[in-house]
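Asker: Following this line is coords_34.txt, made up of compact mmCIF, N, CA and C atoms:
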```
# COMPACT_ATOMS: atom_id res chain seq x y z
N MET A 1 214.02 75.75 141.24
CA MET A 1 214.12 76.41 142.53
C MET A 1 215.18 77.51 142.44
N VAL A 2 214.82 78.70 142.83
CA VAL A 2 215.74 79.83 142.79
C VAL A 2 216.51 79.87 144.11
N THR A 3 217.82 79.80 144.02
CA THR A 3 218.63 79.88 145.22
C THR A 3 218.95 81.33 145.53
N ASP A 4 219.41 81.58 146.74
CA ASP A 4 219.79 82.94 147.11
C ASP A 4 220.92 83.45 146.21
N VAL A 5 221.82 82.57 145.82
CA VAL A 5 222.93 82.97 144.95
C VAL A 5 222.40 83.43 143.60
N HIS A 6 221.47 82.68 143.02
CA HIS A 6 220.89 83.05 141.74
C HIS A 6 220.08 84.33 141.85
N ARG A 7 219.32 84.46 142.92
CA ARG A 7 218.53 85.67 143.13
C ARG A 7 219.45 86.89 143.25
N GLU A 8 220.55 86.76 143.97
CA GLU A 8 221.49 87.87 144.13
C GLU A 8 222.15 88.23 142.81
N LYS A 9 222.52 87.23 142.02
CA LYS A 9 223.12 87.50 140.71
C LYS A 9 222.13 88.23 139.80
N SER A 10 220.88 87.81 139.83
CA SER A 10 219.85 88.46 139.03
C SER A 10 219.64 89.91 139.48
N ARG A 11 219.55 90.10 140.80
CA ARG A 11 219.36 91.46 141.33
C ARG A 11 220.51 92.35 140.91
N ALA A 12 221.74 91.87 141.05
CA ALA A 12 222.92 92.67 140.69
C ALA A 12 222.92 93.02 139.21
N ALA A 13 222.55 92.07 138.36
CA ALA A 13 222.51 92.34 136.93
C ALA A 13 221.47 93.40 136.60
N PHE A 14 220.27 93.27 137.14
CA PHE A 14 219.24 94.26 136.85
C PHE A 14 219.55 95.61 137.48
N ASP A 15 220.24 95.62 138.60
CA ASP A 15 220.70 96.89 139.16
C ASP A 15 221.64 97.60 138.16
N ARG A 16 222.52 96.83 137.53
CA ARG A 16 223.45 97.41 136.55
C ARG A 16 222.72 97.94 135.31
N TYR A 17 221.67 97.23 134.87
CA TYR A 17 220.96 97.59 133.65
C TYR A 17 219.92 98.70 133.83
N ALA A 18 219.52 98.97 135.04
CA ALA A 18 218.34 99.79 135.32
C ALA A 18 218.33 101.13 134.60
N ARG A 19 219.40 101.87 134.67
CA ARG A 19 219.41 103.24 134.11
C ARG A 19 219.26 103.28 132.59
N HIS A 20 219.60 102.18 131.92
CA HIS A 20 219.53 102.15 130.45
C HIS A 20 218.59 101.08 129.93
N TYR A 21 217.82 100.47 130.82
CA TYR A 21 216.98 99.33 130.46
C TYR A 21 215.94 99.68 129.39
N ASP A 22 215.38 100.87 129.47
CA ASP A 22 214.31 101.25 128.54
C ASP A 22 214.81 101.55 127.12
N VAL A 23 216.10 101.72 126.96
CA VAL A 23 216.63 102.04 125.62
C VAL A 23 217.74 101.11 125.17
N GLY A 24 218.32 100.36 126.09
CA GLY A 24 219.46 99.51 125.77
C GLY A 24 219.05 98.10 125.36
N PRO A 25 220.03 97.32 124.92
CA PRO A 25 219.75 95.96 124.46
C PRO A 25 219.25 95.02 125.56
N CYS A 26 219.59 95.26 126.80
CA CYS A 26 219.17 94.37 127.89
C CYS A 26 217.65 94.38 128.09
N GLY A 27 216.99 95.46 127.76
CA GLY A 27 215.55 95.56 127.93
C GLY A 27 214.76 95.31 126.66
N ARG A 28 215.44 94.90 125.61
CA ARG A 28 214.78 94.71 124.30
C ARG A 28 213.59 93.75 124.39
N TYR A 29 213.78 92.61 125.01
CA TYR A 29 212.71 91.61 125.08
C TYR A 29 211.51 92.14 125.87
N ALA A 30 211.77 92.81 126.98
CA ALA A 30 210.68 93.38 127.79
C ALA A 30 209.91 94.42 126.97
N ARG A 31 210.60 95.25 126.23
CA ARG A 31 209.93 96.26 125.40
C ARG A 31 209.10 95.59 124.31
N TRP A 32 209.60 94.50 123.76
CA TRP A 32 208.90 93.77 122.72
C TRP A 32 207.58 93.20 123.24
N LEU A 33 207.53 92.80 124.49
CA LEU A 33 206.33 92.22 125.09
C LEU A 33 205.28 93.25 125.51
N GLN A 34 205.68 94.48 125.70
CA GLN A 34 204.78 95.48 126.28
C GLN A 34 203.47 95.64 125.51
N ASP A 35 203.52 95.73 124.20
CA ASP A 35 202.28 95.93 123.43
C ASP A 35 201.31 94.77 123.60
N ASP A 36 201.83 93.53 123.65
CA ASP A 36 200.96 92.38 123.85
C ASP A 36 200.33 92.39 125.24
N VAL A 37 201.11 92.75 126.24
CA VAL A 37 200.60 92.83 127.61
C VAL A 37 199.51 93.90 127.69
N LEU A 38 199.77 95.06 127.12
CA LEU A 38 198.79 96.15 127.16
C LEU A 38 197.53 95.79 126.38
N ALA A 39 197.67 95.11 125.26
CA ALA A 39 196.49 94.68 124.49
C ALA A 39 195.65 93.70 125.30
N ALA A 40 196.28 92.78 126.01
CA ALA A 40 195.55 91.83 126.84
C ALA A 40 194.83 92.55 127.98
N LEU A 41 195.47 93.55 128.55
CA LEU A 41 194.84 94.29 129.65
C LEU A 41 193.64 95.11 129.18
N ARG A 42 193.66 95.57 127.94
CA ARG A 42 192.53 96.35 127.42
C ARG A 42 191.25 95.52 127.40
N CYS A 43 191.37 94.21 127.33
CA CYS A 43 190.21 93.32 127.27
C CYS A 43 189.63 93.02 128.65
N LEU A 44 190.29 93.47 129.69
CA LEU A 44 189.88 93.14 131.06
C LEU A 44 189.37 94.36 131.79
N GLU A 45 188.43 94.12 132.68
CA GLU A 45 187.98 95.15 133.62
C GLU A 45 188.67 94.89 134.94
N PHE A 46 189.30 95.89 135.49
CA PHE A 46 189.97 95.74 136.78
C PHE A 46 190.09 97.10 137.45
N ARG A 47 190.14 97.07 138.78
CA ARG A 47 190.29 98.29 139.56
C ARG A 47 191.67 98.41 140.18
N SER A 48 192.37 97.28 140.25
CA SER A 48 193.73 97.29 140.79
C SER A 48 194.60 96.35 139.97
N LEU A 49 195.89 96.61 140.02
CA LEU A 49 196.84 95.85 139.21
C LEU A 49 198.16 95.73 139.96
N LEU A 50 198.69 94.52 140.01
CA LEU A 50 200.01 94.28 140.56
C LEU A 50 200.92 93.86 139.42
N ASP A 51 201.96 94.61 139.17
CA ASP A 51 202.95 94.27 138.15
C ASP A 51 204.13 93.61 138.86
N VAL A 52 204.24 92.30 138.71
CA VAL A 52 205.31 91.53 139.33
C VAL A 52 206.50 91.56 138.39
N GLY A 53 207.62 92.08 138.88
CA GLY A 53 208.77 92.29 138.01
C GLY A 53 208.57 93.56 137.19
N CYS A 54 208.11 94.61 137.86
CA CYS A 54 207.72 95.84 137.17
C CYS A 54 208.87 96.60 136.55
N GLY A 55 210.09 96.26 136.91
CA GLY A 55 211.24 96.93 136.30
C GLY A 55 211.18 98.43 136.46
N THR A 56 211.29 99.13 135.35
CA THR A 56 211.34 100.59 135.36
C THR A 56 209.96 101.24 135.40
N GLY A 57 208.91 100.44 135.46
CA GLY A 57 207.55 100.98 135.54
C GLY A 57 206.95 101.38 134.22
N ALA A 58 207.54 100.98 133.11
CA ALA A 58 207.06 101.40 131.79
C ALA A 58 205.63 100.92 131.52
N VAL A 59 205.32 99.68 131.86
CA VAL A 59 203.97 99.17 131.62
C VAL A 59 202.98 99.84 132.55
N LEU A 60 203.35 100.01 133.80
CA LEU A 60 202.46 100.69 134.74
C LEU A 60 202.16 102.11 134.29
N GLU A 61 203.15 102.78 133.77
CA GLU A 61 202.95 104.15 133.26
C GLU A 61 201.90 104.16 132.14
N LYS A 62 201.97 103.20 131.25
CA LYS A 62 201.02 103.13 130.13
C LYS A 62 199.63 102.74 130.61
N VAL A 63 199.55 101.85 131.58
CA VAL A 63 198.25 101.48 132.13
C VAL A 63 197.60 102.68 132.79
N LEU A 64 198.36 103.42 133.57
CA LEU A 64 197.80 104.60 134.23
C LEU A 64 197.37 105.67 133.23
N ALA A 65 198.11 105.81 132.14
CA ALA A 65 197.73 106.78 131.11
C ALA A 65 196.40 106.40 130.48
N ALA A 66 196.16 105.11 130.31
CA ALA A 66 194.93 104.64 129.70
C ALA A 66 193.77 104.55 130.70
N ARG A 67 194.10 104.24 131.96
CA ARG A 67 193.08 104.04 133.00
C ARG A 67 193.56 104.69 134.29
N GLY A 68 193.48 105.96 134.37
CA GLY A 68 193.98 106.70 135.52
C GLY A 68 193.37 106.32 136.85
N HIS A 69 192.22 105.67 136.83
CA HIS A 69 191.52 105.32 138.07
C HIS A 69 192.00 104.01 138.70
N VAL A 70 192.95 103.36 138.10
CA VAL A 70 193.43 102.06 138.58
C VAL A 70 194.35 102.24 139.78
N GLU A 71 194.13 101.41 140.78
CA GLU A 71 195.03 101.34 141.93
C GLU A 71 196.18 100.43 141.51
N ALA A 72 197.39 100.97 141.43
CA ALA A 72 198.50 100.21 140.85
C ALA A 72 199.60 99.95 141.86
N TYR A 73 200.18 98.75 141.74
CA TYR A 73 201.27 98.31 142.61
C TYR A 73 202.33 97.66 141.73
N GLY A 74 203.57 97.76 142.16
CA GLY A 74 204.64 97.10 141.44
C GLY A 74 205.70 96.59 142.39
N ILE A 75 206.20 95.39 142.09
CA ILE A 75 207.32 94.85 142.85
C ILE A 75 208.42 94.45 141.87
N ASP A 76 209.65 94.58 142.33
CA ASP A 76 210.79 94.14 141.54
C ASP A 76 211.91 93.77 142.51
N LEU A 77 212.70 92.82 142.10
CA LEU A 77 213.83 92.36 142.89
C LEU A 77 214.93 93.40 142.99
N SER A 78 215.04 94.26 141.98
CA SER A 78 216.13 95.22 141.88
C SER A 78 215.78 96.58 142.48
N PRO A 79 216.50 97.00 143.51
CA PRO A 79 216.28 98.34 144.06
C PRO A 79 216.52 99.45 143.03
N GLU A 80 217.46 99.24 142.13
CA GLU A 80 217.72 100.26 141.10
C GLU A 80 216.57 100.37 140.10
N MET A 81 215.97 99.24 139.74
CA MET A 81 214.80 99.28 138.86
C MET A 81 213.67 100.03 139.55
N ILE A 82 213.46 99.76 140.82
CA ILE A 82 212.41 100.45 141.58
C ILE A 82 212.72 101.95 141.66
N ALA A 83 213.98 102.32 141.80
CA ALA A 83 214.34 103.73 141.84
C ALA A 83 213.98 104.43 140.52
N VAL A 84 214.26 103.77 139.41
CA VAL A 84 213.90 104.33 138.10
C VAL A 84 212.38 104.44 137.98
N ALA A 85 211.67 103.40 138.42
CA ALA A 85 210.21 103.42 138.37
C ALA A 85 209.65 104.54 139.23
N ARG A 86 210.23 104.78 140.40
CA ARG A 86 209.76 105.87 141.27
C ARG A 86 209.94 107.22 140.61
N CYS A 87 211.06 107.40 139.93
CA CYS A 87 211.29 108.66 139.20
C CYS A 87 210.24 108.83 138.10
N ARG A 88 209.89 107.76 137.46
CA ARG A 88 208.92 107.78 136.36
C ARG A 88 207.50 107.99 136.86
N LEU A 89 207.13 107.33 137.95
CA LEU A 89 205.73 107.26 138.38
C LEU A 89 205.39 108.09 139.60
N GLY A 90 206.40 108.55 140.32
CA GLY A 90 206.13 109.32 141.53
C GLY A 90 205.33 108.52 142.53
N ASP A 91 204.32 109.17 143.11
CA ASP A 91 203.48 108.53 144.12
C ASP A 91 202.24 107.86 143.54
N ALA A 92 202.14 107.82 142.21
CA ALA A 92 200.94 107.25 141.57
C ALA A 92 200.85 105.74 141.77
N VAL A 93 201.97 105.10 142.08
CA VAL A 93 202.03 103.64 142.20
C VAL A 93 202.76 103.28 143.49
N ASP A 94 202.26 102.28 144.19
CA ASP A 94 202.93 101.76 145.37
C ASP A 94 203.98 100.77 144.89
N LEU A 95 205.25 101.16 144.96
CA LEU A 95 206.36 100.35 144.46
C LEU A 95 207.17 99.80 145.63
N ARG A 96 207.54 98.51 145.52
CA ARG A 96 208.29 97.87 146.58
C ARG A 96 209.39 96.97 146.00
N VAL A 97 210.49 96.90 146.71
CA VAL A 97 211.53 95.93 146.36
C VAL A 97 211.11 94.62 147.01
N ALA A 98 210.89 93.60 146.17
CA ALA A 98 210.47 92.29 146.65
C ALA A 98 210.74 91.24 145.60
N ALA A 99 210.96 90.02 146.06
CA ALA A 99 211.15 88.90 145.15
C ALA A 99 209.80 88.30 144.80
N ALA A 100 209.63 87.88 143.55
CA ALA A 100 208.39 87.27 143.11
C ALA A 100 208.26 85.84 143.60
N ALA A 101 209.39 85.19 143.82
CA ALA A 101 209.38 83.79 144.24
C ALA A 101 209.88 83.66 145.67
N SER A 102 209.39 82.66 146.31
CA SER A 102 209.84 82.38 147.67
C SER A 102 210.32 80.93 147.71
N CYS A 103 211.50 80.74 148.28
CA CYS A 103 212.06 79.37 148.35
C CYS A 103 211.62 78.68 149.62
```
Could you express the structure from this file as structure tokens?
Answerer:
Amino acid sequence: MVTDVHREKSRAAFDRYARHYDVGPCGRYARWLQDDVLAALRCLEFRSLLDVGCGTGAVLEKVLAARGHVEAYGIDLSPEMIAVARCRLGDAVDLRVAAAASC
């Protein structure tokens, strides 16, 4: 169960990492997973996609490059991550600050 304290600590940490997440050590694991996620998506037919924990929007950017016709959405707990994603994606994706879990 995620408490408000844990959620706030996570949000604050990702807010701090946001500007350097795509190149720094904090985002290494997420970058490592991207190719596997994109390979799995290539096997599926879909018209819309919700990226839960979208971070900086890197995966959404790649999905749109491959399938421009997809209706894309992203949520992330961190307002700073969403800000970076908005700079990257503009209006191509509906991005919202939201928690993936509800207590």
Asker: Tell me, as a list in words, which residues lie within 6.5 Å of Met81 in chain A, counting only N, CA and C atoms; anything in the same chain fewer than 6 positions away does not count.
Answerer: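 Returned residues: Phe14, Asp15, Ala18, Gly55, Thr56 and Gly57 of chain A.
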Asker: Write down as a PyMOL selection string the residues belonging to chain A that are assigned alpha helix (DSSP H) by DSSP computed on the backbone.
Answerer: chain A and resi 4-17+28-42+58-66+79-89
Asker: Just the selected residues (N, CA and C atoms), exported as a compact mmCIF listing (two decimals), in the coordinates of the input, please.
Answerer:
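Output contents, as saved in out31.txt:
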```
# COMPACT_ATOMS: atom_id res chain seq x y z
N ASP A 4 219.41 81.58 146.74
CA ASP A 4 219.79 82.94 147.11
C ASP A 4 220.92 83.45 146.21
N VAL A 5 221.82 82.57 145.82
CA VAL A 5 222.93 82.97 144.95
C VAL A 5 222.40 83.43 143.60
N HIS A 6 221.47 82.68 143.02
CA HIS A 6 220.89 83.05 141.74
C HIS A 6 220.08 84.33 141.85
N ARG A 7 219.32 84.46 142.92
CA ARG A 7 218.53 85.67 143.13
C ARG A 7 219.45 86.89 143.25
N GLU A 8 220.55 86.76 143.97
CA GLU A 8 221.49 87.87 144.13
C GLU A 8 222.15 88.23 142.81
N LYS A 9 222.52 87.23 142.02
CA LYS A 9 223.12 87.50 140.71
C LYS A 9 222.13 88.23 139.80
N SER A 10 220.88 87.81 139.83
CA SER A 10 219.85 88.46 139.03
C SER A 10 219.64 89.91 139.48
N ARG A 11 219.55 90.10 140.80
CA ARG A 11 219.36 91.46 141.33
C ARG A 11 220.51 92.35 140.91
N ALA A 12 221.74 91.87 141.05
CA ALA A 12 222.92 92.67 140.69
C ALA A 12 222.92 93.02 139.21
N ALA A 13 222.55 92.07 138.36
CA ALA A 13 222.51 92.34 136.93
C ALA A 13 221.47 93.40 136.60
N PHE A 14 220.27 93.27 137.14
CA PHE A 14 219.24 94.26 136.85
C PHE A 14 219.55 95.61 137.48
N ASP A 15 220.24 95.62 138.60
CA ASP A 15 220.70 96.89 139.16
C ASP A 15 221.64 97.60 138.16
N ARG A 16 222.52 96.83 137.53
CA ARG A 16 223.45 97.41 136.55
C ARG A 16 222.72 97.94 135.31
N TYR A 17 221.67 97.23 134.87
CA TYR A 17 220.96 97.59 133.65
C TYR A 17 219.92 98.70 133.83
N ARG A 28 215.44 94.90 125.61
CA ARG A 28 214.78 94.71 124.30
C ARG A 28 213.59 93.75 124.39
N TYR A 29 213.78 92.61 125.01
CA TYR A 29 212.71 91.61 125.08
C TYR A 29 211.51 92.14 125.87
N ALA A 30 211.77 92.81 126.98
CA ALA A 30 210.68 93.38 127.79
C ALA A 30 209.91 94.42 126.97
N ARG A 31 210.60 95.25 126.23
CA ARG A 31 209.93 96.26 125.40
C ARG A 31 209.10 95.59 124.31
N TRP A 32 209.60 94.50 123.76
CA TRP A 32 208.90 93.77 122.72
C TRP A 32 207.58 93.20 123.24
N LEU A 33 207.53 92.80 124.49
CA LEU A 33 206.33 92.22 125.09
C LEU A 33 205.28 93.25 125.51
N GLN A 34 205.68 94.48 125.70
CA GLN A 34 204.78 95.48 126.28
C GLN A 34 203.47 95.64 125.51
N ASP A 35 203.52 95.73 124.20
CA ASP A 35 202.28 95.93 123.43
C ASP A 35 201.31 94.77 123.60
N ASP A 36 201.83 93.53 123.65
CA ASP A 36 200.96 92.38 123.85
C ASP A 36 200.33 92.39 125.24
N VAL A 37 201.11 92.75 126.24
CA VAL A 37 200.60 92.83 127.61
C VAL A 37 199.51 93.90 127.69
N LEU A 38 199.77 95.06 127.12
CA LEU A 38 198.79 96.15 127.16
C LEU A 38 197.53 95.79 126.38
N ALA A 39 197.67 95.11 125.26
CA ALA A 39 196.49 94.68 124.49
C ALA A 39 195.65 93.70 125.30
N ALA A 40 196.28 92.78 126.01
CA ALA A 40 195.55 91.83 126.84
C ALA A 40 194.83 92.55 127.98
N LEU A 41 195.47 93.55 128.55
CA LEU A 41 194.84 94.29 129.65
C LEU A 41 193.64 95.11 129.18
N ARG A 42 193.66 95.57 127.94
CA ARG A 42 192.53 96.35 127.42
C ARG A 42 191.25 95.52 127.40
N ALA A 58 207.54 100.98 133.11
CA ALA A 58 207.06 101.40 131.79
C ALA A 58 205.63 100.92 131.52
N VAL A 59 205.32 99.68 131.86
CA VAL A 59 203.97 99.17 131.62
C VAL A 59 202.98 99.84 132.55
N LEU A 60 203.35 100.01 133.80
CA LEU A 60 202.46 100.69 134.74
C LEU A 60 202.16 102.11 134.29
N GLU A 61 203.15 102.78 133.77
CA GLU A 61 202.95 104.15 133.26
C GLU A 61 201.90 104.16 132.14
N LYS A 62 201.97 103.20 131.25
CA LYS A 62 201.02 103.13 130.13
C LYS A 62 199.63 102.74 130.61
N VAL A 63 199.55 101.85 131.58
CA VAL A 63 198.25 101.48 132.13
C VAL A 63 197.60 102.68 132.79
N LEU A 64 198.36 103.42 133.57
CA LEU A 64 197.80 104.60 134.23
C LEU A 64 197.37 105.67 133.23
N ALA A 65 198.11 105.81 132.14
CA ALA A 65 197.73 106.78 131.11
C ALA A 65 196.40 106.40 130.48
N ALA A 66 196.16 105.11 130.31
CA ALA A 66 194.93 104.64 129.70
C ALA A 66 193.77 104.55 130.70
N PRO A 79 216.50 97.00 143.51
CA PRO A 79 216.28 98.34 144.06
C PRO A 79 216.52 99.45 143.03
N GLU A 80 217.46 99.24 142.13
CA GLU A 80 217.72 100.26 141.10
C GLU A 80 216.57 100.37 140.10
N MET A 81 215.97 99.24 139.74
CA MET A 81 214.80 99.28 138.86
C MET A 81 213.67 100.03 139.55
N ILE A 82 213.46 99.76 140.82
CA ILE A 82 212.41 100.45 141.58
C ILE A 82 212.72 101.95 141.66
N ALA A 83 213.98 102.32 141.80
CA ALA A 83 214.34 103.73 141.84
C ALA A 83 213.98 104.43 140.52
N VAL A 84 214.26 103.77 139.41
CA VAL A 84 213.90 104.33 138.10
C VAL A 84 212.38 104.44 137.98
N ALA A 85 211.67 103.40 138.42
CA ALA A 85 210.21 103.42 138.37
C ALA A 85 209.65 104.54 139.23
N ARG A 86 210.23 104.78 140.40
CA ARG A 86 209.76 105.87 141.27
C ARG A 86 209.94 107.22 140.61
N CYS A 87 211.06 107.40 139.93
CA CYS A 87 211.29 108.66 139.20
C CYS A 87 210.24 108.83 138.10
N ARG A 88 209.89 107.76 137.46
CA ARG A 88 208.92 107.78 136.36
C ARG A 88 207.50 107.99 136.86
N LEU A 89 207.13 107.33 137.95
CA LEU A 89 205.73 107.26 138.38
C LEU A 89 205.39 108.09 139.60
```
Asker: When DSSP works through the backbone of this structure, what residues of chain A end up as strand (DSSP E), shown as a ChimeraX atom specification?
Answerer: /A:48-52,71-76,93-97
Asker: For atom N of Leu95 in chain A and atom N of Tyr73 in chain A, quote the distance in Å rounded to one decimal.
Answerer: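 Going from atom N of Leu95 in chain A over to atom N of Tyr73 in chain A covers 6.5 Å.
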Asker: Can you measure atom N of Arg47 in chain A to atom N of Val70 in chain A for me? One decimal in Å is fine.
Answerer: 6.9 Å
Asker: Just want the 8 Å neighbourhood of range 59-69 of chain A, counted on only N, CA and C atoms, with same-chain residues fewer than 6 positions away dropped. Output as a CSV table (one decimal) with N, CA and C atoms, in the frame of the given file.
Answerer:
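Listed below is the output, result-v2.csv:
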```
chain,number,residue,atom,x,y,z
A,34,GLN,N,205.7,94.5,125.7
A,34,GLN,CA,204.8,95.5,126.3
A,34,GLN,C,203.5,95.6,125.5
A,37,VAL,N,201.1,92.8,126.2
A,37,VAL,CA,200.6,92.8,127.6
A,37,VAL,C,199.5,93.9,127.7
A,38,LEU,N,199.8,95.1,127.1
A,38,LEU,CA,198.8,96.2,127.2
A,38,LEU,C,197.5,95.8,126.4
A,46,PHE,N,189.3,95.9,135.5
A,46,PHE,CA,190.0,95.7,136.8
A,46,PHE,C,190.1,97.1,137.4
A,47,ARG,N,190.1,97.1,138.8
A,47,ARG,CA,190.3,98.3,139.6
A,47,ARG,C,191.7,98.4,140.2
A,48,SER,N,192.4,97.3,140.2
A,48,SER,CA,193.7,97.3,140.8
A,48,SER,C,194.6,96.4,140.0
A,51,ASP,N,202.0,94.6,139.2
A,51,ASP,CA,203.0,94.3,138.2
A,51,ASP,C,204.1,93.6,138.9
A,88,ARG,N,209.9,107.8,137.5
A,88,ARG,CA,208.9,107.8,136.4
A,88,ARG,C,207.5,108.0,136.9
A,89,LEU,N,207.1,107.3,138.0
A,89,LEU,CA,205.7,107.3,138.4
A,89,LEU,C,205.4,108.1,139.6
```
Asker: Figure out the distance between atom N of Glu8 in chain A and atom C of Ala83 in chain A, please, to one decimal in Å.
Answerer: 19.2 Å
Asker: Excluding Val52 in chain A and its own-chain neighbours fewer than 3 positions away, which residues fall within 6 Å of it when counting all atoms listed in the file? Please give them as number ranges by chain.
Answerer: A: 74-76
Asker: Write out as an MDAnalysis selection string the residues lying within 8 Å of Leu77 in chain A, counting only N, CA and C atoms and excluding same-chain residues fewer than 4 positions away.
Answerer: chainID A and resid 7 10:12 14:15 52:55 81:82 96:100
Asker: Produce range 32-69 of chain A of the given structure as output with C-alpha atoms, as a compact mmCIF listing (two decimals), in the first residue's frame.
Answerer:
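That gives us selection24.txt:
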```txt
# COMPACT_ATOMS: atom_id res chain seq x y z
CA TRP A 32 17.13 -0.05 -20.67
CA LEU A 33 13.47 -1.16 -20.78
CA GLN A 34 12.40 1.07 -23.67
CA ASP A 35 13.46 -1.23 -26.51
CA ASP A 36 11.61 -4.20 -24.99
CA VAL A 37 8.47 -2.13 -24.47
CA LEU A 38 8.59 -0.81 -28.03
CA ALA A 39 9.20 -4.32 -29.43
CA ALA A 40 6.14 -5.61 -27.56
CA LEU A 41 4.03 -2.74 -28.87
CA ARG A 42 5.06 -3.48 -32.46
CA CYS A 43 3.25 -6.83 -32.15
CA LEU A 44 -0.05 -5.19 -31.18
CA GLU A 45 -2.70 -3.33 -33.10
CA PHE A 46 -4.06 -0.35 -31.19
CA ARG A 47 -5.58 3.06 -31.85
CA SER A 48 -4.95 4.58 -28.44
CA LEU A 49 -2.31 4.20 -25.78
CA LEU A 50 -2.04 5.25 -22.14
CA ASP A 51 1.50 5.39 -20.78
CA VAL A 52 1.21 5.13 -16.99
CA GLY A 53 4.32 6.63 -15.45
CA CYS A 54 5.22 8.27 -18.75
CA GLY A 55 8.07 10.26 -17.25
CA THR A 56 9.70 12.46 -19.86
CA GLY A 57 7.60 11.06 -22.70
CA ALA A 58 10.47 9.22 -24.39
CA VAL A 59 8.44 6.07 -25.13
CA LEU A 60 5.43 8.05 -26.30
CA GLU A 61 7.67 10.01 -28.65
CA LYS A 62 8.94 6.78 -30.22
CA VAL A 63 5.46 5.30 -30.50
CA LEU A 64 4.20 8.41 -32.27
CA ALA A 65 7.18 8.36 -34.63
CA ALA A 66 6.34 4.78 -35.59
CA ARG A 67 2.53 5.17 -35.54
CA GLY A 68 1.56 8.80 -35.95
CA HIS A 69 -2.15 7.94 -36.03
```
